[in-house]
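Chemist: Contents are compact mmCIF, C-alpha atoms; file name final-v3.txt:
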# COMPACT_ATOMS: atom_id res chain seq x y z
CA MET A 1 51.23 47.25 -5.94
CA GLN A 2 51.30 48.09 -2.24
CA SER A 3 51.10 51.88 -2.19
CA GLY A 4 49.50 52.72 1.14
CA HIS A 5 50.14 49.19 2.40
CA ILE A 6 53.35 47.86 3.95
CA SER A 7 53.71 44.08 3.75
CA VAL A 8 54.92 42.53 6.98
CA LEU A 9 58.09 40.41 6.91
CA LEU A 10 58.27 41.08 3.18
CA HIS A 11 61.81 39.90 2.44
CA GLU A 12 61.83 37.22 5.14
CA ALA A 13 58.64 35.63 3.78
CA VAL A 14 59.84 35.56 0.17
CA ASP A 15 63.24 34.24 1.30
CA ALA A 16 61.44 31.44 3.14
CA LEU A 17 59.70 30.36 -0.06
CA GLN A 18 63.12 29.75 -1.66
CA PRO A 19 61.90 31.16 -4.99
CA ARG A 20 63.24 29.67 -8.19
CA ALA A 21 62.68 30.64 -11.79
CA GLY A 22 59.88 28.64 -13.36
CA GLY A 23 58.40 27.72 -9.99
CA VAL A 24 54.70 27.54 -9.13
CA TYR A 25 53.47 29.42 -6.05
CA ILE A 26 50.25 30.30 -4.29
CA ASP A 27 49.66 33.55 -2.42
CA GLY A 28 46.58 32.57 -0.46
CA THR A 29 46.01 36.09 0.84
CA PHE A 30 46.98 38.47 -1.96
CA GLY A 31 45.78 41.59 -0.13
CA GLY A 32 47.94 44.55 -1.11
CA GLY A 33 50.07 42.36 -3.37
CA GLY A 34 53.37 43.18 -1.70
CA HIS A 35 54.65 39.63 -1.23
CA THR A 36 53.63 38.52 -4.71
CA THR A 37 55.20 41.62 -6.27
CA GLU A 38 58.47 40.94 -4.45
CA LEU A 39 58.41 37.29 -5.51
CA LEU A 40 57.79 38.10 -9.18
CA THR A 41 60.34 40.92 -9.12
CA ARG A 42 63.05 38.62 -7.84
CA LEU A 43 62.27 36.07 -10.53
CA ASP A 44 61.86 38.68 -13.28
CA GLY A 45 58.33 37.38 -13.80
CA VAL A 46 59.49 33.85 -14.64
CA ALA A 47 57.08 32.03 -12.33
CA THR A 48 53.42 31.12 -11.99
CA VAL A 49 51.64 32.63 -9.00
CA TYR A 50 48.02 31.92 -8.12
CA ALA A 51 46.79 35.00 -6.21
CA ILE A 52 43.79 34.09 -4.05
CA ASP A 53 41.68 36.60 -2.14
CA ALA A 54 38.03 36.87 -1.11
CA ASP A 55 38.10 40.66 -1.43
CA PRO A 56 37.02 41.94 -4.87
CA ALA A 57 39.23 45.01 -4.40
CA ALA A 58 42.26 42.75 -3.99
CA MET A 59 41.41 41.10 -7.30
CA GLU A 60 41.44 44.50 -8.97
CA ARG A 61 44.94 45.05 -7.61
CA ALA A 62 45.97 41.60 -8.85
CA ASP A 63 44.64 42.42 -12.33
CA ARG A 64 46.73 45.59 -12.37
CA LEU A 65 49.85 43.67 -11.37
CA ARG A 66 49.09 41.12 -14.06
CA SER A 67 49.26 43.87 -16.69
CA THR A 68 52.83 44.83 -15.72
CA PRO A 69 56.02 43.39 -17.28
CA ILE A 70 56.52 40.95 -14.39
CA GLY A 71 52.88 39.89 -14.10
CA ALA A 72 52.38 37.56 -17.04
CA GLY A 73 52.45 34.48 -14.79
CA LEU A 74 50.01 35.85 -12.25
CA ILE A 75 46.62 34.12 -12.07
CA PRO A 76 44.05 35.96 -9.88
CA VAL A 77 41.50 33.74 -8.11
CA HIS A 78 38.55 35.42 -6.41
CA SER A 79 37.77 33.05 -3.55
CA ASN A 80 38.36 32.43 0.14
CA PHE A 81 41.52 30.42 0.74
CA ARG A 82 39.46 27.88 2.66
CA GLU A 83 38.47 26.63 -0.81
CA LEU A 84 42.08 25.86 -1.75
CA ALA A 85 41.49 22.14 -2.35
CA ARG A 86 38.58 22.87 -4.70
CA ILE A 87 40.47 25.69 -6.43
CA ALA A 88 43.44 23.41 -7.07
CA ALA A 89 41.19 20.71 -8.51
CA ASP A 90 39.10 23.08 -10.64
CA LEU A 91 42.11 24.91 -12.10
CA GLY A 92 44.30 21.85 -12.43
CA ILE A 93 47.04 23.41 -10.32
CA PRO A 94 50.13 21.18 -10.37
CA PRO A 95 52.12 20.40 -7.21
CA VAL A 96 53.40 23.78 -6.07
CA ASP A 97 56.79 24.94 -4.83
CA GLY A 98 55.52 27.32 -2.18
CA ILE A 99 52.41 28.61 -0.44
CA LEU A 100 52.26 31.87 1.49
CA LEU A 101 49.49 32.79 3.91
CA ASP A 102 49.67 36.29 5.39
CA LEU A 103 46.74 36.29 7.80
CA GLY A 104 46.75 40.00 8.54
CA LEU A 105 44.36 42.56 7.13
CA SER A 106 45.69 44.86 4.44
CA SER A 107 45.88 48.59 5.03
CA TYR A 108 43.43 48.99 2.16
CA GLN A 109 40.79 47.22 4.22
CA LEU A 110 41.61 48.97 7.47
CA ASP A 111 41.79 52.43 5.93
CA GLN A 112 38.46 52.30 4.09
CA ALA A 113 35.67 53.44 6.37
CA GLU A 114 33.03 51.75 4.24
CA ARG A 115 34.52 48.32 4.98
CA GLY A 116 33.85 48.68 8.71
CA PHE A 117 37.01 46.93 9.93
CA ALA A 118 38.27 49.81 12.06
CA PHE A 119 36.60 52.31 14.36
CA ARG A 120 38.96 55.23 13.91
CA PHE A 121 36.74 56.07 10.93
CA ASP A 122 32.98 56.00 11.24
CA GLY A 123 31.54 53.53 8.78
CA PRO A 124 28.99 50.75 8.41
CA LEU A 125 29.38 47.66 10.59
CA ASP A 126 30.40 45.26 7.84
CA MET A 127 33.82 43.56 8.29
CA ARG A 128 33.29 40.97 5.53
CA PHE A 129 36.33 40.09 3.43
CA ASN A 130 33.86 39.61 0.60
CA PRO A 131 31.25 42.36 1.05
CA GLU A 132 29.01 40.59 -1.44
CA ALA A 133 28.36 37.48 0.65
CA GLY A 134 27.58 36.30 4.17
CA GLU A 135 26.53 37.92 7.43
CA SER A 136 27.94 41.30 8.38
CA ALA A 137 29.13 42.36 11.81
CA ALA A 138 25.88 44.32 12.16
CA ASP A 139 23.90 41.11 11.70
CA ILE A 140 25.77 39.44 14.55
CA VAL A 141 25.75 42.44 16.89
CA ASN A 142 22.04 43.10 16.40
CA HIS A 143 20.70 39.54 16.40
CA ALA A 144 23.01 37.08 18.20
CA PRO A 145 21.82 35.98 21.67
CA GLN A 146 23.70 37.55 24.55
CA GLU A 147 25.50 34.33 25.55
CA GLU A 148 26.60 33.74 21.97
CA LEU A 149 27.90 37.30 21.73
CA ALA A 150 29.85 36.90 24.96
CA SER A 151 31.31 33.62 23.70
CA ILE A 152 32.42 35.20 20.40
CA ILE A 153 34.03 38.16 22.16
CA TRP A 154 35.87 35.91 24.62
CA ARG A 155 36.95 33.12 22.25
CA TYR A 156 38.10 35.29 19.36
CA GLY A 157 39.03 38.51 21.12
CA GLU A 158 40.14 37.20 24.53
CA GLU A 159 38.30 40.16 26.04
CA LYS A 160 38.19 39.65 29.82
CA GLN A 161 35.01 41.70 30.13
CA SER A 162 33.21 39.82 27.34
CA ARG A 163 30.05 39.21 29.36
CA GLN A 164 29.81 42.87 30.33
CA VAL A 165 30.33 43.97 26.73
CA ALA A 166 27.70 41.53 25.45
CA ARG A 167 25.20 42.62 28.10
CA VAL A 168 25.59 46.31 27.26
CA ILE A 169 25.32 45.64 23.53
CA VAL A 170 22.08 43.71 24.00
CA GLU A 171 20.62 46.39 26.28
CA ARG A 172 21.43 49.14 23.82
CA ARG A 173 20.17 47.33 20.70
CA LYS A 174 16.72 47.11 22.28
CA GLN A 175 16.52 50.88 21.85
CA ALA A 176 18.07 51.10 18.39
CA PRO A 177 20.10 48.73 16.19
CA PHE A 178 23.81 49.26 15.72
CA THR A 179 24.69 50.46 12.25
CA SER A 180 28.08 52.16 12.56
CA THR A 181 31.56 51.38 13.84
CA ALA A 182 31.78 54.58 15.89
CA ASP A 183 28.48 53.86 17.62
CA LEU A 184 29.54 50.35 18.64
CA ALA A 185 33.00 51.49 19.75
CA ALA A 186 31.53 54.23 21.92
CA VAL A 187 29.12 51.82 23.63
CA ILE A 188 31.93 49.32 24.30
CA GLU A 189 34.20 52.04 25.65
CA LYS A 190 31.48 53.09 28.06
CA ALA A 191 30.84 49.47 29.04
CA VAL A 192 34.42 48.69 30.04
CA GLY A 193 35.19 52.07 31.58
CA GLY A 194 37.27 53.82 28.94
CA ARG A 195 40.96 53.51 28.17
CA ARG A 196 42.33 54.59 31.56
CA GLY A 197 45.94 54.49 30.46
CA LYS A 198 45.62 51.32 28.36
CA SER A 199 47.71 51.09 25.21
CA ILE A 200 44.80 49.96 23.02
CA HIS A 201 41.24 51.20 22.65
CA PRO A 202 38.71 49.25 24.78
CA ALA A 203 36.85 48.17 21.62
CA THR A 204 39.89 46.67 19.88
CA ARG A 205 39.45 43.09 21.11
CA THR A 206 35.71 43.07 20.44
CA PHE A 207 36.20 44.35 16.90
CA GLN A 208 38.82 41.68 16.29
CA ALA A 209 36.46 39.01 17.62
CA LEU A 210 33.60 40.16 15.41
CA ARG A 211 35.83 40.21 12.31
CA ILE A 212 37.01 36.66 12.98
CA ALA A 213 33.45 35.46 13.56
CA VAL A 214 32.07 37.23 10.48
CA ASN A 215 34.66 35.62 8.21
CA ASP A 216 34.90 32.29 10.11
CA GLU A 217 38.65 32.82 9.99
CA LEU A 218 39.89 30.09 12.32
CA SER A 219 37.90 27.36 10.60
CA ALA A 220 39.11 28.66 7.23
CA LEU A 221 42.71 28.54 8.48
CA GLU A 222 42.37 24.92 9.55
CA SER A 223 40.94 24.03 6.14
CA VAL A 224 43.62 25.80 4.11
CA LEU A 225 46.51 24.35 6.12
CA ASP A 226 45.45 20.78 5.42
CA ALA A 227 44.80 21.52 1.75
CA ALA A 228 48.14 23.33 1.41
CA VAL A 229 50.17 20.33 2.53
CA GLY A 230 48.28 18.17 0.08
CA ILE A 231 49.32 20.19 -2.96
CA LEU A 232 52.91 21.03 -2.05
CA THR A 233 55.61 19.21 -3.99
CA PRO A 234 58.31 17.49 -1.91
CA GLY A 235 60.67 20.26 -0.79
CA GLY A 236 57.94 22.86 -1.26
CA ARG A 237 57.54 25.44 1.50
CA LEU A 238 54.52 26.48 3.55
CA VAL A 239 54.98 29.95 5.03
CA VAL A 240 52.38 31.38 7.42
CA ILE A 241 52.35 34.84 9.02
CA SER A 242 49.83 35.19 11.85
CA PHE A 243 48.92 38.16 14.01
CA HIS A 244 47.24 36.89 17.14
CA SER A 245 47.66 34.01 19.53
CA ARG A 246 44.76 31.84 18.39
CA GLU A 247 45.89 31.91 14.76
CA ASP A 248 49.47 31.15 15.71
CA ARG A 249 48.39 28.34 18.03
CA ILE A 250 46.53 26.64 15.18
CA VAL A 251 49.53 26.99 12.85
CA LYS A 252 52.02 25.82 15.49
CA GLN A 253 49.98 22.77 16.48
CA PHE A 254 49.29 21.83 12.86
CA MET A 255 52.95 22.01 11.87
CA ALA A 256 53.95 20.04 14.97
CA LEU A 257 51.40 17.32 14.24
CA GLU A 258 52.31 17.07 10.57
CA SER A 259 56.01 16.87 11.46
CA THR A 260 55.43 13.75 13.58
CA ASP A 261 55.12 10.13 12.50
CA CYS A 262 53.19 8.13 15.06
CA ILE A 263 50.63 10.19 16.97
CA CYS A 264 49.16 7.37 19.04
CA PRO A 265 48.71 8.02 22.78
CA PRO A 266 51.81 7.13 24.84
CA ASP A 267 50.07 4.15 26.46
CA VAL A 268 49.39 2.40 23.14
CA PRO A 269 52.12 -0.27 22.79
CA VAL A 270 51.90 -0.63 19.00
CA CYS A 271 51.21 2.10 16.47
CA VAL A 272 47.68 1.90 15.13
CA CYS A 273 47.36 5.42 13.70
CA HIS A 274 49.63 4.81 10.69
CA HIS A 275 50.30 8.53 10.59
CA SER A 276 53.34 9.65 8.62
CA ALA A 277 54.96 13.06 8.82
CA ARG A 278 54.21 15.26 5.83
CA LEU A 279 56.17 18.31 6.96
CA ARG A 280 59.52 19.28 8.40
CA ARG A 281 59.61 22.45 10.45
CA ILE A 282 62.22 24.95 9.28
CA GLY A 283 64.06 27.08 11.81
CA LYS A 284 62.55 29.02 14.67
CA PRO A 285 59.53 31.31 14.44
CA VAL A 286 60.46 34.61 12.78
CA ARG A 287 59.40 37.97 14.15
CA PRO A 288 59.81 41.46 12.67
CA THR A 289 63.01 43.28 13.51
CA ASP A 290 62.95 46.23 15.86
CA SER A 291 63.43 48.46 12.84
CA GLU A 292 60.40 47.01 11.04
CA GLN A 293 58.25 47.35 14.14
CA THR A 294 59.30 50.97 14.46
CA HIS A 295 58.43 51.78 10.84
CA ASN A 296 55.29 49.61 10.67
CA ALA A 297 53.38 49.41 13.95
CA ARG A 298 51.01 46.80 12.47
CA SER A 299 53.90 44.33 12.30
CA ARG A 300 54.44 44.19 16.06
CA SER A 301 52.29 41.13 16.74
CA ALA A 302 53.38 39.19 13.64
CA ILE A 303 54.98 35.77 13.84
CA MET A 304 56.02 33.65 10.87
CA ARG A 305 56.35 29.88 10.85
CA ILE A 306 57.90 27.84 8.03
CA ALA A 307 57.60 24.17 7.13
CA GLU A 308 58.77 22.06 4.20
CA ARG A 309 56.95 19.18 2.54
CA VAL A 310 58.68 15.84 2.87
CA GLY A 311 58.41 13.11 0.25
What is this file in structure tokens?

Modeler:
Amino acid sequence: MQSGHISVLLHEAVDALQPRAGGVYIDGTFGGGGHTTELLTRLDGVATVYAIDADPAAMERADRLRSTPIGAGLIPVHSNFRELARIAADLGIPPVDGILLDLGLSSYQLDQAERGFAFRFDGPLDMRFNPEAGESAADIVNHAPQEELASIIWRYGEEKQSRQVARVIVERRKQAPFTSTADLAAVIEKAVGGRRGKSIHPATRTFQALRIAVNDELSALESVLDAAVGILTPGGRLVVISFHSREDRIVKQFMALESTDCICPPDVPVCVCHHSARLRRIGKPVRPTDSEQTHNARSRSAIMRIAERVG
């Protein structure tokens, strides 16, 4: 199912789920379908997999996989994974044996100019995972106050020149609104002085920040992590692949917190939080091998963390 898309940490992620025949799994970010295809292939289709994705195109790919010999147990769910708790309740999903969250964009999204995720193709400033709902990147770029723009670009993109970028965007939009990726990228490049030997394009961090803001990705991640632990069966695995520091920080801190019993401040003599660990962290963070990074440049920033539900 992943022609044109290379799933990151494919075998490592499926290994981490400890797949077993007859198990129940959730792929919270179906995307190109690579991880789910590998999981079902290993189990010869003898498993139930709920494939969640906000992107309608991903659901089309899931439907095609469902029509194959290994896809009988695949259940496509068109939704954002932030709705996992509601999805589980509405569909009556039983306690599950594994949940995978691959937080990266699929190549399908990046390589389609009309989706507006990348600036190497000129396309509309969209960036929505679900292009049928919510504000687009153009809405934010053309209407957000300058201070809000600077905050978005700094918080989500960690762009050191965020204030300069925001100022130039606001000055330019007074003359004409931004409508295309190439237009915005060119203005940002001019604002920060071009590449000048840098390994990434000057607009990369701003585009990342806008995408995260458009899809409210960090808030969605916090929501799905809590819901995921709630529906895992004891011994079930939570596997998360993130691609930038803020995502990974949220995952790392969540797993650390949920692997700890008492979380009272050190100066409290008696536990009053009554917090009990729900997870056990498994192994060290996993990164792509040198070989994978060579063959798939998009894997270079990936980091995978694994935790197991305790009873």

Chemist: Which one of A:Thr206, A:Ser242, A:Thr29, A:Thr294 sits closest to Val141 of chain A if you count all atoms listed in the file?

Modeler: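 For Val141 of chain A, the nearest of the candidates is A:Thr206.
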
Chemist: If you take all atoms listed in the file and a cut-off of 12 Å, which residues of segment 16-51 of chain A touch segment 85-94 of chain A, and what are their nearest atom pairs and distances in Å to one decimal, in chain and number order, as a tab-separated table?

Modeler:
residue	atom	partner	partner_atom	distance
A:Gly23	CA	A:Pro94	CA	10.6
A:Val24	CA	A:Pro94	CA	7.9
A:Tyr25	CA	A:Ile93	CA	9.8
A:Ile26	CA	A:Ile93	CA	9.7
A:Gly28	CA	A:Ile87	CA	11.0
A:Thr48	CA	A:Ile93	CA	10.1
A:Val49	CA	A:Ile93	CA	10.4
A:Tyr50	CA	A:Ile93	CA	8.8
A:Ala51	CA	A:Ile87	CA	11.3

Chemist: Please determine, counting only C-alpha atoms, which residue among A:His244, A:Arg120, A:Arg278, A:Arg163 has the shortest atom-to-atom distance to Ala182 of chain A.

Modeler: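 With only C-alpha atoms as the atom set, the closest residue is A:Arg120.
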
Chemist: Compare A:Ser276, A:Asn130, A:Ser245, A:Ser180 by their minimum atom-to-atom distance to Gly157 of chain A, counting all atoms listed in the file, and give me the closest one.

Modeler: A:Ser245

Chemist: Can you tell me, as a PDB file with C-alpha atoms, in the frame of the given file, what residues are no more than 12 Å from Ile241 of chain A when counting all atoms listed in the file, ignoring any on the same chain fewer than 3 positions away?

Modeler:
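Final output, around.pdb:
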ATOM      1  CA  SER A   7      53.710  44.080   3.750  1.00  0.00           C
ATOM      2  CA  VAL A   8      54.920  42.530   6.980  1.00  0.00           C
ATOM      3  CA  LEU A   9      58.090  40.410   6.910  1.00  0.00           C
ATOM      4  CA  LEU A  10      58.270  41.080   3.180  1.00  0.00           C
ATOM      5  CA  GLU A  12      61.830  37.220   5.140  1.00  0.00           C
ATOM      6  CA  ALA A  13      58.640  35.630   3.780  1.00  0.00           C
ATOM      7  CA  VAL A  14      59.840  35.560   0.170  1.00  0.00           C
ATOM      8  CA  ALA A  16      61.440  31.440   3.140  1.00  0.00           C
ATOM      9  CA  ASP A  27      49.660  33.550  -2.420  1.00  0.00           C
ATOM     10  CA  GLY A  28      46.580  32.570  -0.460  1.00  0.00           C
ATOM     11  CA  THR A  29      46.010  36.090   0.840  1.00  0.00           C
ATOM     12  CA  HIS A  35      54.650  39.630  -1.230  1.00  0.00           C
ATOM     13  CA  ILE A  99      52.410  28.610  -0.440  1.00  0.00           C
ATOM     14  CA  LEU A 100      52.260  31.870   1.490  1.00  0.00           C
ATOM     15  CA  LEU A 101      49.490  32.790   3.910  1.00  0.00           C
ATOM     16  CA  ASP A 102      49.670  36.290   5.390  1.00  0.00           C
ATOM     17  CA  LEU A 103      46.740  36.290   7.800  1.00  0.00           C
ATOM     18  CA  GLY A 104      46.750  40.000   8.540  1.00  0.00           C
ATOM     19  CA  LEU A 105      44.360  42.560   7.130  1.00  0.00           C
ATOM     20  CA  LEU A 221      42.710  28.540   8.480  1.00  0.00           C
ATOM     21  CA  LEU A 238      54.520  26.480   3.550  1.00  0.00           C
ATOM     22  CA  HIS A 244      47.240  36.890  17.140  1.00  0.00           C
ATOM     23  CA  SER A 245      47.660  34.010  19.530  1.00  0.00           C
ATOM     24  CA  GLU A 247      45.890  31.910  14.760  1.00  0.00           C
ATOM     25  CA  ASP A 248      49.470  31.150  15.710  1.00  0.00           C
ATOM     26  CA  ARG A 249      48.390  28.340  18.030  1.00  0.00           C
ATOM     27  CA  ILE A 250      46.530  26.640  15.180  1.00  0.00           C
ATOM     28  CA  VAL A 251      49.530  26.990  12.850  1.00  0.00           C
ATOM     29  CA  LYS A 252      52.020  25.820  15.490  1.00  0.00           C
ATOM     30  CA  PRO A 285      59.530  31.310  14.440  1.00  0.00           C
ATOM     31  CA  VAL A 286      60.460  34.610  12.780  1.00  0.00           C
ATOM     32  CA  ARG A 287      59.400  37.970  14.150  1.00  0.00           C
ATOM     33  CA  PRO A 288      59.810  41.460  12.670  1.00  0.00           C
ATOM     34  CA  SER A 299      53.900  44.330  12.300  1.00  0.00           C
ATOM     35  CA  ARG A 300      54.440  44.190  16.060  1.00  0.00           C
ATOM     36  CA  SER A 301      52.290  41.130  16.740  1.00  0.00           C
ATOM     37  CA  ALA A 302      53.380  39.190  13.640  1.00  0.00           C
ATOM     38  CA  ILE A 303      54.980  35.770  13.840  1.00  0.00           C
ATOM     39  CA  MET A 304      56.020  33.650  10.870  1.00  0.00           C
ATOM     40  CA  ARG A 305      56.350  29.880  10.850  1.00  0.00           C
ATOM     41  CA  ILE A 306      57.900  27.840   8.030  1.00  0.00           C
TER      42      ILE A 306
END

Chemist: So which residues fall inside 12 Å of (32.2, 37.5, 10.1) if we count all atoms listed in the file? Mind giving them as a compact mmCIF listing (two decimals) with C-alpha atoms, keeping the file's coordinate frame?

Modeler:
# COMPACT_ATOMS: atom_id res chain seq x y z
CA GLY A 116 33.85 48.68 8.71
CA PHE A 117 37.01 46.93 9.93
CA LEU A 125 29.38 47.66 10.59
CA ASP A 126 30.40 45.26 7.84
CA MET A 127 33.82 43.56 8.29
CA ARG A 128 33.29 40.97 5.53
CA PHE A 129 36.33 40.09 3.43
CA ASN A 130 33.86 39.61 0.60
CA PRO A 131 31.25 42.36 1.05
CA ALA A 133 28.36 37.48 0.65
CA GLY A 134 27.58 36.30 4.17
CA GLU A 135 26.53 37.92 7.43
CA SER A 136 27.94 41.30 8.38
CA ALA A 137 29.13 42.36 11.81
CA ALA A 138 25.88 44.32 12.16
CA ASP A 139 23.90 41.11 11.70
CA ILE A 140 25.77 39.44 14.55
CA VAL A 141 25.75 42.44 16.89
CA ILE A 152 32.42 35.20 20.40
CA TYR A 156 38.10 35.29 19.36
CA PHE A 207 36.20 44.35 16.90
CA GLN A 208 38.82 41.68 16.29
CA ALA A 209 36.46 39.01 17.62
CA LEU A 210 33.60 40.16 15.41
CA ARG A 211 35.83 40.21 12.31
CA ILE A 212 37.01 36.66 12.98
CA ALA A 213 33.45 35.46 13.56
CA VAL A 214 32.07 37.23 10.48
CA ASN A 215 34.66 35.62 8.21
CA ASP A 216 34.90 32.29 10.11
CA GLU A 217 38.65 32.82 9.99
CA LEU A 218 39.89 30.09 12.32
CA SER A 219 37.90 27.36 10.60
CA ALA A 220 39.11 28.66 7.23
